[in-house]
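Everything on this sheet refers to the single structure shown next.
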Amino acid sequence: MNNSNSKIGLTKTLPVFMSFIVMGFVDIVGVATGFIKKDFDLPDNLAQLIPSMALIWFFLLSVPSGLLQDRFGKKRMLNIGMMITGVGMIIPFISYSFPIMLAAFIVLGIGNTIVQVSANPLLHDVSPREKYSSYMSLSQFIKAIVSLLGPAITAFMASSFGNWKLVFAVYAITSLLAVLWLYFTQIEETKSTHAAATFKSCFSLLKNNFILLMALGIFMLVGSDVGMNSNIANFLQTQYGLTLETASLGISLYFTALMIGRFSGAVILNWISARVFLVITAVVALVSLVCMLIAPSLLIAQIAIFMVGLGSANLFPLIFTIALEKMPDRSNEISGLMIMAVSGGAFLPPLMGLVSTSAGVRAGFLVLVAAMVYLVGVGVYALKK
């Protein structure tokens, strides 16, 4: 009987877990930025428009996606999001130009926003109640693996076939398979017994200082994460004279640390509170980032990049969890605000690009230092509260 129930559970959870693979595709924006910058000889400020085009939609569409999800259902919205993501991956093969690539990442960003809003609550519906938290950790671990593999697949396509854009073909096919698998999976969704979330109910929560600071924490965190992801290769190239292909592997180093950090964080949180862990890991990320900028050698810089990833790995789920613990009865609205704050990834990288163009790549990273200082402050604030 238990084996039968386990099989029934897996038939429903596995296709939802696959949606987290598709969710990880948005992180290709980091390595793609380096190749597009090289191919079209772009200045830093123009190159940083690429991650902005993908991530601005978290700001514009998160709350509307949640409202549509309430009307049409999580599974349907998740499939729509994955389908749009797949379409975005096909666009680079229509024509290869800077405007076309911006359009591709716009479509990718729209699809990924819908996937992010729908995947977590749908996972909740197919998870045994006592396993939801571990399934959440596992889903983020899966997403981190995809983020890690992206630069490696891109480098392989560039070196083996002379066309780095073939990574998009792999992603498009995977998106299609994910859509088909989920479409043919029967899932009984839970219906909310509370009043549907509205724009007014979501944004009224920002009057609460705690929720406002946590939302800004997500904004700064994702901005820092995308800023690291899309600028590591440029930093290693300019500071240590590496080729683009070799420097891009530094992104894989960062995502390896994220993967290890998320897996180990799920274990460590059994013995330490979320608020204490938030302060510790934010300090590790800040100190490591400063060390990266002043590193006297490539090896030390690479170690520092790894440590930034290790420190940053659990900040998103920690801040998200702490915010939900504050007002568990307003989880729908808080979730909408937190996903909307992911748009920080669209605002901080262009700011880095502006600083980098005028004062150098290393100066551009001071934007991330400031964001990390804020995250340490948020951790201390949450601990005191």
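In the structure tokens, chains take letters A, B, ... by order of appearance, with residues numbered from 1 within each chain and ligands from 1 in the order shown.
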Segment 168-226 of chain A: which residues are alpha helix (DSSP H) by DSSP, as a PyMOL selection string? chain A and resi 168-183+199-203+209-226
Can you write out the residues you just picked, keeping N, CA and C atoms, as a compact mmCIF listing (two decimals), in the first residue's frame?
# COMPACT_ATOMS: atom_id res chain seq x y z
N PHE A 168 20.11 27.17 -26.51
CA PHE A 168 18.69 27.52 -26.54
C PHE A 168 17.84 26.40 -27.14
N ALA A 169 18.41 25.65 -28.09
CA ALA A 169 17.68 24.51 -28.68
C ALA A 169 17.46 23.43 -27.62
N VAL A 170 18.48 23.17 -26.81
CA VAL A 170 18.36 22.19 -25.72
C VAL A 170 17.25 22.63 -24.76
N TYR A 171 17.24 23.91 -24.42
CA TYR A 171 16.24 24.44 -23.49
C TYR A 171 14.83 24.41 -24.08
N ALA A 172 14.71 24.71 -25.38
CA ALA A 172 13.40 24.71 -26.04
C ALA A 172 12.79 23.31 -26.03
N ILE A 173 13.58 22.32 -26.36
CA ILE A 173 13.11 20.93 -26.38
C ILE A 173 12.71 20.48 -24.97
N THR A 174 13.52 20.82 -23.99
CA THR A 174 13.22 20.45 -22.60
C THR A 174 11.92 21.11 -22.14
N SER A 175 11.70 22.37 -22.51
CA SER A 175 10.47 23.07 -22.15
C SER A 175 9.25 22.37 -22.73
N LEU A 176 9.36 21.94 -24.00
CA LEU A 176 8.26 21.25 -24.66
C LEU A 176 7.94 19.94 -23.94
N LEU A 177 8.97 19.17 -23.58
CA LEU A 177 8.76 17.91 -22.86
C LEU A 177 8.10 18.15 -21.51
N ALA A 178 8.51 19.22 -20.82
CA ALA A 178 7.93 19.55 -19.52
C ALA A 178 6.45 19.90 -19.65
N VAL A 179 6.10 20.65 -20.69
CA VAL A 179 4.70 21.03 -20.93
C VAL A 179 3.85 19.78 -21.19
N LEU A 180 4.34 18.89 -22.04
CA LEU A 180 3.58 17.68 -22.38
C LEU A 180 3.40 16.78 -21.16
N TRP A 181 4.46 16.61 -20.36
CA TRP A 181 4.38 15.74 -19.18
C TRP A 181 3.36 16.28 -18.18
N LEU A 182 3.42 17.57 -17.91
CA LEU A 182 2.50 18.15 -16.94
C LEU A 182 1.06 18.15 -17.47
N TYR A 183 0.91 18.39 -18.77
CA TYR A 183 -0.43 18.44 -19.38
C TYR A 183 -1.17 17.12 -19.20
N PHE A 199 -4.85 43.56 -6.09
CA PHE A 199 -3.73 44.52 -6.11
C PHE A 199 -3.70 45.31 -4.81
N LYS A 200 -4.86 45.72 -4.36
CA LYS A 200 -4.94 46.55 -3.15
C LYS A 200 -4.46 45.77 -1.93
N SER A 201 -4.91 44.51 -1.78
CA SER A 201 -4.53 43.72 -0.60
C SER A 201 -3.03 43.41 -0.60
N CYS A 202 -2.46 43.24 -1.80
CA CYS A 202 -1.01 42.99 -1.89
C CYS A 202 -0.21 44.21 -1.47
N PHE A 203 -0.47 45.32 -2.11
CA PHE A 203 0.37 46.51 -1.91
C PHE A 203 0.13 47.19 -0.57
N ASN A 209 6.32 47.82 8.07
CA ASN A 209 7.77 48.03 7.89
C ASN A 209 8.53 46.71 7.73
N PHE A 210 8.13 45.69 8.49
CA PHE A 210 8.81 44.40 8.43
C PHE A 210 8.70 43.80 7.04
N ILE A 211 7.48 43.77 6.50
CA ILE A 211 7.25 43.21 5.17
C ILE A 211 7.96 44.03 4.10
N LEU A 212 7.93 45.37 4.25
CA LEU A 212 8.61 46.25 3.29
C LEU A 212 10.10 45.96 3.25
N LEU A 213 10.72 45.84 4.43
CA LEU A 213 12.17 45.60 4.49
C LEU A 213 12.52 44.22 3.94
N MET A 214 11.67 43.22 4.19
CA MET A 214 11.91 41.89 3.65
C MET A 214 11.80 41.88 2.12
N ALA A 215 10.78 42.59 1.60
CA ALA A 215 10.61 42.67 0.14
C ALA A 215 11.81 43.37 -0.49
N LEU A 216 12.29 44.43 0.13
CA LEU A 216 13.49 45.11 -0.37
C LEU A 216 14.71 44.20 -0.27
N GLY A 217 14.71 43.31 0.75
CA GLY A 217 15.79 42.34 0.88
C GLY A 217 15.84 41.39 -0.32
N ILE A 218 14.66 40.91 -0.74
CA ILE A 218 14.59 40.06 -1.93
C ILE A 218 15.05 40.84 -3.16
N PHE A 219 14.63 42.10 -3.25
CA PHE A 219 15.01 42.98 -4.37
C PHE A 219 16.54 43.08 -4.46
N MET A 220 17.18 43.38 -3.32
CA MET A 220 18.64 43.52 -3.29
C MET A 220 19.34 42.19 -3.55
N LEU A 221 18.79 41.12 -2.99
CA LEU A 221 19.41 39.81 -3.14
C LEU A 221 19.43 39.35 -4.60
N VAL A 222 18.26 39.40 -5.25
CA VAL A 222 18.19 38.92 -6.63
C VAL A 222 18.99 39.85 -7.55
N GLY A 223 18.97 41.15 -7.26
CA GLY A 223 19.81 42.08 -8.02
C GLY A 223 21.28 41.71 -7.90
N SER A 224 21.70 41.34 -6.69
CA SER A 224 23.09 40.94 -6.47
C SER A 224 23.40 39.63 -7.19
N ASP A 225 22.46 38.69 -7.11
CA ASP A 225 22.66 37.39 -7.73
C ASP A 225 22.81 37.51 -9.25
N VAL A 226 21.92 38.29 -9.88
CA VAL A 226 21.99 38.49 -11.33
C VAL A 226 23.22 39.31 -11.69
Tell me which protein, DNA and RNA residues are within 12 Å of segment 336-339 of chain A, counting only C-alpha atoms, leaving out same-chain ones fewer than 6 positions away, and put them as a CSV table (one decimal) with N, CA and C atoms, in the first residue's frame.
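Done, and the output landed in result_26.csv:
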chain,number,residue,atom,x,y,z
A,55,LEU,N,14.2,40.2,-16.6
A,55,LEU,CA,13.8,40.2,-15.2
A,55,LEU,C,12.8,41.4,-14.8
A,56,ILE,N,12.7,42.3,-15.7
A,56,ILE,CA,11.7,43.4,-15.4
A,56,ILE,C,10.3,42.9,-15.2
A,57,TRP,N,10.0,41.7,-15.9
A,57,TRP,CA,8.7,41.2,-15.8
A,57,TRP,C,8.3,40.7,-14.5
A,58,PHE,N,9.2,40.4,-13.6
A,58,PHE,CA,8.9,40.0,-12.3
A,58,PHE,C,8.2,41.1,-11.5
A,59,PHE,N,8.6,42.4,-11.9
A,59,PHE,CA,8.0,43.5,-11.3
A,59,PHE,C,6.6,43.8,-11.9
A,60,LEU,N,6.5,43.6,-13.2
A,60,LEU,CA,5.3,44.0,-13.9
A,60,LEU,C,4.2,42.9,-13.8
A,61,LEU,N,4.6,41.6,-13.8
A,61,LEU,CA,3.6,40.6,-14.0
A,61,LEU,C,3.4,39.6,-12.8
A,62,SER,N,4.1,39.7,-11.8
A,62,SER,CA,4.0,38.8,-10.7
A,62,SER,C,2.6,38.8,-10.1
A,63,VAL,N,2.1,40.0,-9.7
A,63,VAL,CA,0.8,40.1,-9.1
A,63,VAL,C,-0.3,39.7,-10.1
A,64,PRO,N,-0.3,40.3,-11.3
A,64,PRO,CA,-1.3,39.9,-12.3
A,64,PRO,C,-1.3,38.4,-12.6
A,65,SER,N,-0.1,37.7,-12.6
A,65,SER,CA,0.0,36.3,-12.8
A,65,SER,C,-0.7,35.5,-11.7
A,66,GLY,N,-0.5,36.0,-10.4
A,66,GLY,CA,-1.2,35.4,-9.3
A,66,GLY,C,-2.7,35.5,-9.4
A,67,LEU,N,-3.2,36.7,-9.8
A,67,LEU,CA,-4.6,36.9,-10.0
A,67,LEU,C,-5.2,36.0,-11.0
A,69,GLN,N,-3.9,33.1,-12.0
A,69,GLN,CA,-3.8,31.8,-11.4
A,69,GLN,C,-5.0,31.5,-10.6
A,112,ASN,N,9.1,32.9,-17.6
A,112,ASN,CA,9.7,32.5,-16.3
A,112,ASN,C,9.0,33.1,-15.1
A,113,THR,N,8.5,34.3,-15.3
A,113,THR,CA,7.7,35.0,-14.2
A,113,THR,C,6.5,34.1,-13.9
A,114,ILE,N,5.8,33.7,-14.9
A,114,ILE,CA,4.6,32.9,-14.7
A,114,ILE,C,4.9,31.5,-14.0
A,115,VAL,N,6.1,30.9,-14.5
A,115,VAL,CA,6.5,29.7,-13.9
A,115,VAL,C,6.8,29.9,-12.4
A,116,GLN,N,7.5,30.9,-12.1
A,116,GLN,CA,7.9,31.2,-10.7
A,116,GLN,C,6.7,31.4,-9.8
A,117,VAL,N,5.7,32.0,-10.3
A,117,VAL,CA,4.5,32.3,-9.5
A,117,VAL,C,3.7,31.0,-9.3
A,118,SER,N,3.7,30.1,-10.3
A,118,SER,CA,2.8,29.0,-10.3
A,118,SER,C,3.4,27.7,-9.7
A,119,ALA,N,4.7,27.5,-9.9
A,119,ALA,CA,5.4,26.2,-9.5
A,119,ALA,C,5.3,25.9,-8.1
A,120,ASN,N,5.7,26.9,-7.2
A,120,ASN,CA,5.7,26.6,-5.8
A,120,ASN,C,4.4,26.2,-5.2
A,121,PRO,N,3.3,26.9,-5.4
A,121,PRO,CA,2.0,26.5,-4.9
A,121,PRO,C,1.5,25.2,-5.5
A,197,ALA,N,-6.7,37.2,-3.5
A,197,ALA,CA,-5.8,38.4,-3.4
A,197,ALA,C,-6.0,39.4,-4.5
A,198,THR,N,-5.9,40.7,-4.2
A,198,THR,CA,-6.1,41.7,-5.1
A,198,THR,C,-4.9,42.6,-5.1
A,199,PHE,N,-4.8,43.6,-6.1
A,199,PHE,CA,-3.7,44.5,-6.1
A,199,PHE,C,-3.7,45.3,-4.8
A,200,LYS,N,-4.9,45.7,-4.4
A,200,LYS,CA,-4.9,46.5,-3.2
A,200,LYS,C,-4.5,45.8,-1.9
A,201,SER,N,-4.9,44.5,-1.8
A,201,SER,CA,-4.5,43.7,-0.6
A,201,SER,C,-3.0,43.4,-0.6
A,202,CYS,N,-2.5,43.2,-1.8
A,202,CYS,CA,-1.0,43.0,-1.9
A,202,CYS,C,-0.2,44.2,-1.5
A,203,PHE,N,-0.5,45.3,-2.1
A,203,PHE,CA,0.4,46.5,-1.9
A,203,PHE,C,0.1,47.2,-0.6
A,204,SER,N,-1.0,46.9,0.1
A,204,SER,CA,-1.3,47.5,1.4
A,204,SER,C,-0.3,46.9,2.4
A,205,LEU,N,0.2,45.7,2.2
A,205,LEU,CA,1.1,45.1,3.1
A,205,LEU,C,2.4,45.9,3.2
A,206,LEU,N,2.8,46.7,2.2
A,206,LEU,CA,4.0,47.4,2.2
A,206,LEU,C,4.0,48.5,3.3
A,211,ILE,N,7.5,43.8,6.5
A,211,ILE,CA,7.2,43.2,5.2
A,211,ILE,C,8.0,44.0,4.1
A,212,LEU,N,7.9,45.4,4.3
A,212,LEU,CA,8.6,46.2,3.3
A,212,LEU,C,10.1,46.0,3.3
A,213,LEU,N,10.7,45.8,4.4
A,213,LEU,CA,12.2,45.6,4.5
A,213,LEU,C,12.5,44.2,3.9
A,214,MET,N,11.7,43.2,4.2
A,214,MET,CA,11.9,41.9,3.6
A,214,MET,C,11.8,41.9,2.1
A,215,ALA,N,10.8,42.6,1.6
A,215,ALA,CA,10.6,42.7,0.1
A,215,ALA,C,11.8,43.4,-0.5
A,216,LEU,N,12.3,44.4,0.1
A,216,LEU,CA,13.5,45.1,-0.4
A,216,LEU,C,14.7,44.2,-0.3
A,217,GLY,N,14.7,43.3,0.7
A,217,GLY,CA,15.8,42.3,0.9
A,217,GLY,C,15.8,41.4,-0.3
A,218,ILE,N,14.7,40.9,-0.7
A,218,ILE,CA,14.6,40.1,-1.9
A,218,ILE,C,15.1,40.8,-3.2
A,219,PHE,N,14.6,42.1,-3.3
A,219,PHE,CA,15.0,43.0,-4.4
A,219,PHE,C,16.5,43.1,-4.5
A,220,MET,N,17.2,43.4,-3.3
A,220,MET,CA,18.6,43.5,-3.3
A,220,MET,C,19.3,42.2,-3.6
A,221,LEU,N,18.8,41.1,-3.0
A,221,LEU,CA,19.4,39.8,-3.1
A,221,LEU,C,19.4,39.4,-4.6
A,222,VAL,N,18.3,39.4,-5.3
A,222,VAL,CA,18.2,38.9,-6.6
A,222,VAL,C,19.0,39.8,-7.6
A,316,PHE,N,17.5,33.7,-0.3
A,316,PHE,CA,16.1,33.9,-0.8
A,316,PHE,C,15.1,33.1,0.0
A,317,PRO,N,15.3,31.7,0.2
A,317,PRO,CA,14.3,31.0,1.0
A,317,PRO,C,14.2,31.5,2.5
A,318,LEU,N,15.3,32.0,3.0
A,318,LEU,CA,15.3,32.5,4.4
A,318,LEU,C,14.5,33.7,4.5
A,319,ILE,N,14.7,34.7,3.7
A,319,ILE,CA,13.9,35.9,3.7
A,319,ILE,C,12.4,35.6,3.5
A,320,PHE,N,12.2,34.8,2.5
A,320,PHE,CA,10.8,34.4,2.1
A,320,PHE,C,10.1,33.8,3.3
A,321,THR,N,10.8,32.8,3.9
A,321,THR,CA,10.2,32.1,5.1
A,321,THR,C,9.9,33.0,6.2
A,322,ILE,N,10.9,33.9,6.5
A,322,ILE,CA,10.8,34.8,7.7
A,322,ILE,C,9.6,35.8,7.4
A,323,ALA,N,9.4,36.2,6.2
A,323,ALA,CA,8.3,37.1,5.9
A,323,ALA,C,6.9,36.4,6.0
A,324,LEU,N,6.9,35.1,5.6
A,324,LEU,CA,5.6,34.4,5.7
A,324,LEU,C,5.3,34.1,7.2
A,330,ARG,N,-1.6,35.9,5.4
A,330,ARG,CA,-1.6,36.7,4.2
A,330,ARG,C,-0.6,36.2,3.2
A,345,GLY,N,16.6,42.0,-10.0
A,345,GLY,CA,17.6,41.5,-11.0
A,345,GLY,C,17.5,42.3,-12.3
Given only C-alpha atoms as the counted atoms, nearest of A:Leu286, A:Val29, A:Leu122, A:Val167 to Val373 of chain A: A:Leu286
List the spatial neighbours of segment 97-103 of chain A as an NGL selection string - criterion: any atom at most 10 Å away, only C-alpha atoms, same-chain residues fewer than 6 positions off excluded. :A and (32-33 or 36-37 or 39-40 or 42 or 46-47 or 49-54 or 88-89 or 91 or 109)
With only C-alpha atoms as the atoms that count, which of A:Val367, A:Val283, A:Val16, A:Val361 lies nearest to Phe184 of chain A? A:Val16
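Proximity ranking of A:Leu244, A:Leu138, A:Leu289, A:Leu348 relative to Pro151 of chain A places A:Leu244 first, based on only C-alpha atoms.
The spacing separating atom CA of Gln302 of chain A from atom CA of Leu236 of chain A amounts to 8.9 Å.
Here the question is which of A:Leu14, A:Ala313, A:Leu123, A:Val22 gets nearest to Gly265 of chain A using only C-alpha atoms, and that residue is A:Ala313.
Across the structure, atom CA of Thr185 of chain A and atom CA of Gln140 of chain A are spaced 21.9 Å apart.
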Pick out the residues sitting within 9 Å of Thr13 of chain A, and hand them over as a PyMOL selection string; count only C-alpha atoms, and ignore anything fewer than 5 positions along from it in its own chain. chain A and resi 8+18+123+126-127
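Between Asn163 of chain A and the residues A:Phe35, A:Ile280, A:Phe235, A:Ser248, the shortest atom-to-atom distance, using only C-alpha atoms, involves A:Phe35.
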Check the smallest atom-to-atom distance from each of A:Ala359, A:Ala346, A:Ala341, A:Leu375 to Ala285 of chain A using only C-alpha atoms, then report the winner. A:Leu375
Skip Val290 of chain A itself and residues of its chain fewer than 3 positions away, then list as a PyMOL selection string all residues within 9 Å of it, counting only C-alpha atoms. chain A and resi 285-287+293-295+304+366+369
For the residues selected in the previous step, produce a file with N, CA and C atoms as a short mmCIF file (atom, residue, chain, number, x, y, z; two decimals), in the first residue's frame.
data_model
loop_
_atom_site.label_atom_id
_atom_site.label_comp_id
_atom_site.auth_asym_id
_atom_site.auth_seq_id
_atom_site.Cartn_x
_atom_site.Cartn_y
_atom_site.Cartn_z
N ALA A 285 28.64 36.25 2.63
CA ALA A 285 28.54 36.73 1.25
C ALA A 285 29.20 38.10 1.09
N LEU A 286 28.96 39.01 2.04
CA LEU A 286 29.53 40.35 1.98
C LEU A 286 31.05 40.33 2.06
N VAL A 287 31.59 39.62 3.05
CA VAL A 287 33.05 39.55 3.24
C VAL A 287 33.70 38.92 2.01
N LEU A 293 37.05 41.36 -4.81
CA LEU A 293 37.43 42.62 -5.46
C LEU A 293 38.88 43.00 -5.18
N ILE A 294 39.42 42.54 -4.05
CA ILE A 294 40.79 42.92 -3.71
C ILE A 294 41.75 41.73 -3.83
N ALA A 295 41.26 40.62 -4.43
CA ALA A 295 42.08 39.40 -4.53
C ALA A 295 43.37 39.67 -5.31
N ALA A 304 36.96 33.25 -3.67
CA ALA A 304 36.04 34.26 -3.17
C ALA A 304 34.70 34.19 -3.90
N LEU A 366 30.85 47.54 -6.67
CA LEU A 366 30.53 48.23 -5.41
C LEU A 366 29.02 48.38 -5.23
N VAL A 369 28.22 45.37 -3.38
CA VAL A 369 28.68 45.49 -1.99
C VAL A 369 27.64 46.24 -1.17
#
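For the pair atom CA of Phe161 of chain A and atom CA of Ile145 of chain A, the interatomic distance is 23.3 Å.
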